[in-house]
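Everything below concerns the one structure shown next.
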Amino acid sequence: MAGTAGAAGAGPTTAAADPGPGSGPESTDTGCFPSISSVEFEAVGDVVDVEMLLCFEGSVTIEGPGYQGVVNLSSGDKSGQVTLHLNTHLNGSDAISVTSDSLDVETNATANGSFEAEEYLLTVRDGSGTVVDQTKIIIGRPVARDLRLWRAPAGAASELQTVESIHDSKQAATRVDSRRRLEDPDTFDNLPVATNETLVVAIEAHGLEGAMAVAEGDPLARFRTALQETNATFLVEQTPESVSPSREALTPDVRNSSATHLVPQPENDTYYLVIDTSRLWGEWEGTQGGPVHIGSSPGMGFAYRFSMHAGDLHSDPPRDLQSADHRMIERFAAFPRAREEPVTLAPAAAQELVVATTVAPGTEVTVNVSGGINRTLTRTVRTQNLTGTPGFVVSLDLSGVPNGTRFTVEFGDAVTGQREPDGLRVVVREPEASLRVRDDPVTSQSLVLRSVRTSHASIVAVYTPDGVLVGTQALDSGTTDDVFVPLTYAGKDASSYRVVLHRDADRSRTLSEADERYRVGGMPVSTTVDPDTDGNRTETPTVIVEPTQPPETGTPTTEPGTLTTRPDAPTTEASTPGFGVVATIVALAGSLLLGTRER
């Protein structure tokens, strides 16, 4: 058997077709050897593509349960590659078509019946009627394979018109998918979507392609037709936990909304619904009913459910049911939690503010710096994916800024034009730190420090003698007593530990490449802990309590207190002359990951 696929219901594959019984060249004189080169195996409702070499003329017979057909082919005095298309959604000869990039092919097809989820034999004959190749194909059952969600910036829907732009938006997204167990209404695993943003729903299904190919209208209209003709089900429904007790769940009609368009990728059996939530509405029924604007309703959640087999999606969900959900959240250019306490930065160059946001990567945010640096600095940046969290980085050159200087960084939403009322307070302070270790510093789970005092938000890092990182603990600035640093399994039996203090420069509360060590005289602020077998200390640690050395002297490349950028980072310039300033997203791909070796 040549070119045989897996069991019925399997996903599409492409297989080279081996010659079957009676195969051979049409003629050694012509130098043309007709044969099947590849077959795409699909599900009922899809289009099966058979690549083959046509030597002037010939025929292909399709035989199997429920369907028999034959197509005669002629290309005159030329030979070349042709593609036989079998639209398994259609019946009889309507299911057969032939295309070629190099030949003008005349076809004459006769057939009857319809395709089923079964095995079919394809037989190729040359112009004399001699069998020259055979292969078997297995057509599977229609099935929903996947449903994925991700978000894009507000206003981006009009730009997402091609498969390439869709893929780019997925690449930029901080999170893809939000798997939801339908039987668990209390789940909190929701994809957050800020108000009025763009939502992309990617549906992968075997069995829609054929109906989409022959339907009329734009892609979204053809998608609606395909769902109806294939008995598929697509539903958007408000999640139970976000429904008011006095209301029924909203079911916004995404398929018929002007806020939605569809970008099909039939060769991969994938269909992308692009939804502009700023234009999406639902309808509450009853005497107090009326339209509800989905895009401006933070707190509301919606589940997207899809199946190729019609049925009750609630009480008796089909086996191929795919489901994911999202919830609408408030728009914050800068996440409010980042503004609760002053951020301490060192009086040095390249000081970075890492700011969390609730908006999608690619959203424009305005940044305004004012206060003790005696100048007002304004620029626009774009948010990006910082290791799974949306945010942006503002780089400040604070070399020469006096110790104790305070200033404010304010943020605005470039989409809405609104400036957020509370800015981020920043104080310039020389880094200094100290630590003390308890007399019995090692427990079965942690290494315990008596106290840690730091001038900046910090990370306590614990290493083994060979430099393997076995524990971290994030601390706010100030003095913290009884600091427990959880140890990994690999660190519980170490002969000794080295404790090092890092300044949490990116404020990620995890150890990253951006986090500099507290140093004095070039040496890190650290101590060595050597527990004996009963957990008591055998040595007294050396505790360094010193500020770091001041920045090296030299001619600064920018004025003190200016916003700077890395050379390879993208920026959006604002028309604010006279500052010589740039605010930017700093590409930190990979740099916020926890290291496994001592840095």
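Every chain in the structure tokens has a letter given in the order shown (A, B, ...), and although residue numbers restart at 1 in each chain, ligands are simply numbered from 1 in the order shown.
Excluding Glu119 (chain A) itself and any same-chain residue fewer than 2 positions from it, the protein and nucleic acid residues within 7 Å of it, counting only C-alpha atoms, are Gly64, Leu121, Lys136, Ile137, Ile138 and Ile139 of chain A.
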Please build the interface table for region 82-105 of chain A against region 35-52 of chain A with a cut-off of 6 Å, listing for each qualifying residue the nearest atom pair and the distance in Å to one decimal; count only C-alpha atoms, order rows by chain and increasing number, and write it as CSV.
```
residue,atom,partner,partner_atom,distance
A:Val82,CA,A:Met52,CA,5.6
A:Thr83,CA,A:Glu51,CA,4.6
A:Leu84,CA,A:Val50,CA,5.0
A:His85,CA,A:Asp49,CA,4.8
A:Leu86,CA,A:Val48,CA,5.0
A:Asn87,CA,A:Val47,CA,4.3
A:Thr88,CA,A:Gly45,CA,5.0
A:His89,CA,A:Gly45,CA,4.1
```
List as an MDAnalysis selection string the protein and nucleic acid residues near region 465-481 of chain A, meaning an atom at most 6 Å away when only C-alpha atoms are counted, but skip any in the same chain fewer than 3 places from it.
chainID A and resid 450:462 485:488 491 509 596:598
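Considering only C-alpha atoms, the residue among A:Gly69, A:Gly80, A:Pro431, A:Pro390 positioned nearest to His502 (chain A) is A:Pro431.
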Residues within 9 Å of Ala202 (chain A), please, as an MDAnalysis selection string. Count only C-alpha atoms; anything in the same chain fewer than 3 positions from it doesn't count.
chainID A and resid 146:150 270:274
With N, CA and C atoms retained, export the selected residues as a compact mmCIF listing (two decimals), in the first residue's frame.
```
# COMPACT_ATOMS: atom_id res chain seq x y z
N ASP A 146 -7.93 22.56 17.81
CA ASP A 146 -7.35 23.51 18.76
C ASP A 146 -8.12 24.83 18.68
N LEU A 147 -8.07 25.58 19.77
CA LEU A 147 -8.60 26.94 19.82
C LEU A 147 -7.67 27.74 20.72
N ARG A 148 -7.11 28.81 20.18
CA ARG A 148 -6.12 29.60 20.92
C ARG A 148 -6.53 31.07 20.90
N LEU A 149 -6.19 31.75 21.97
CA LEU A 149 -6.48 33.18 22.10
C LEU A 149 -5.20 33.95 22.35
N TRP A 150 -5.10 35.12 21.80
CA TRP A 150 -4.10 36.09 22.24
C TRP A 150 -4.62 37.49 21.90
N THR A 270 -6.41 26.27 9.52
CA THR A 270 -6.50 27.23 10.62
C THR A 270 -7.20 28.49 10.13
N TYR A 271 -8.05 29.04 11.01
CA TYR A 271 -8.87 30.19 10.67
C TYR A 271 -8.80 31.18 11.82
N TYR A 272 -8.40 32.43 11.51
CA TYR A 272 -8.15 33.44 12.54
C TYR A 272 -9.28 34.46 12.56
N LEU A 273 -10.01 34.49 13.67
CA LEU A 273 -11.01 35.53 13.89
C LEU A 273 -10.32 36.70 14.59
N VAL A 274 -10.40 37.89 14.01
CA VAL A 274 -9.82 39.09 14.58
C VAL A 274 -10.98 39.97 15.07
```
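Of all the residues in region 190-237 of chain A, the ones DSSP labels as helix (DSSP H, G or I) from the backbone are A:Glu209, A:Gly210, A:Ala211, A:Met212, A:Ala213, A:Val214, A:Pro219, A:Leu220, A:Ala221, A:Arg222, A:Phe223, A:Arg224, A:Thr225, A:Ala226, A:Leu227, A:Gln228, A:Glu229, A:Thr230.
From CA of Glu197 (chain A) back to CA of His326 (chain A), the distance works out to 11.9 Å.
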Pull the strand (DSSP E) assignments for region 135-378 of chain A out of DSSP run on the backbone, and list those residues as a ChimeraX atom specification.
/A:135-138,143-152,191-194,198-206,233-238,260-265,270-276,281-284,290-293,301-307,322-329,343-345,351-356,364-371,377-378
Show which residues sit within 12 Å of region 304-306 of chain A, as a PyMOL selection string. Count only C-alpha atoms, and ignore same-chain residues fewer than 2 positions away.
chain A and resi 143-149+177-182+190-191+199-205+227+231-239+251-255+273+301-302+308-314+317-327
Selection near Arg517 (chain A), 7 Å with only C-alpha atoms, sequence-local residues under 5 positions removed, as a PyMOL selection string:
chain A and resi 501-503+524
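We find CA of Trp284 (chain A) and CA of Arg331 (chain A) to be spaced 24.4 Å apart.
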Within 9 Å of region 401-415 of chain A using only C-alpha atoms, minus same-chain residues under 4 positions, as a PyMOL selection string
chain A and resi 154-155+331-334+346-348+363-373+380+397+419-430+560-561
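Shortest separation to Ala350 (chain A) among A:Thr378, A:Gln445, A:Thr464, A:Ser395 occurs at residue A:Ser395, atoms counted being only C-alpha atoms.
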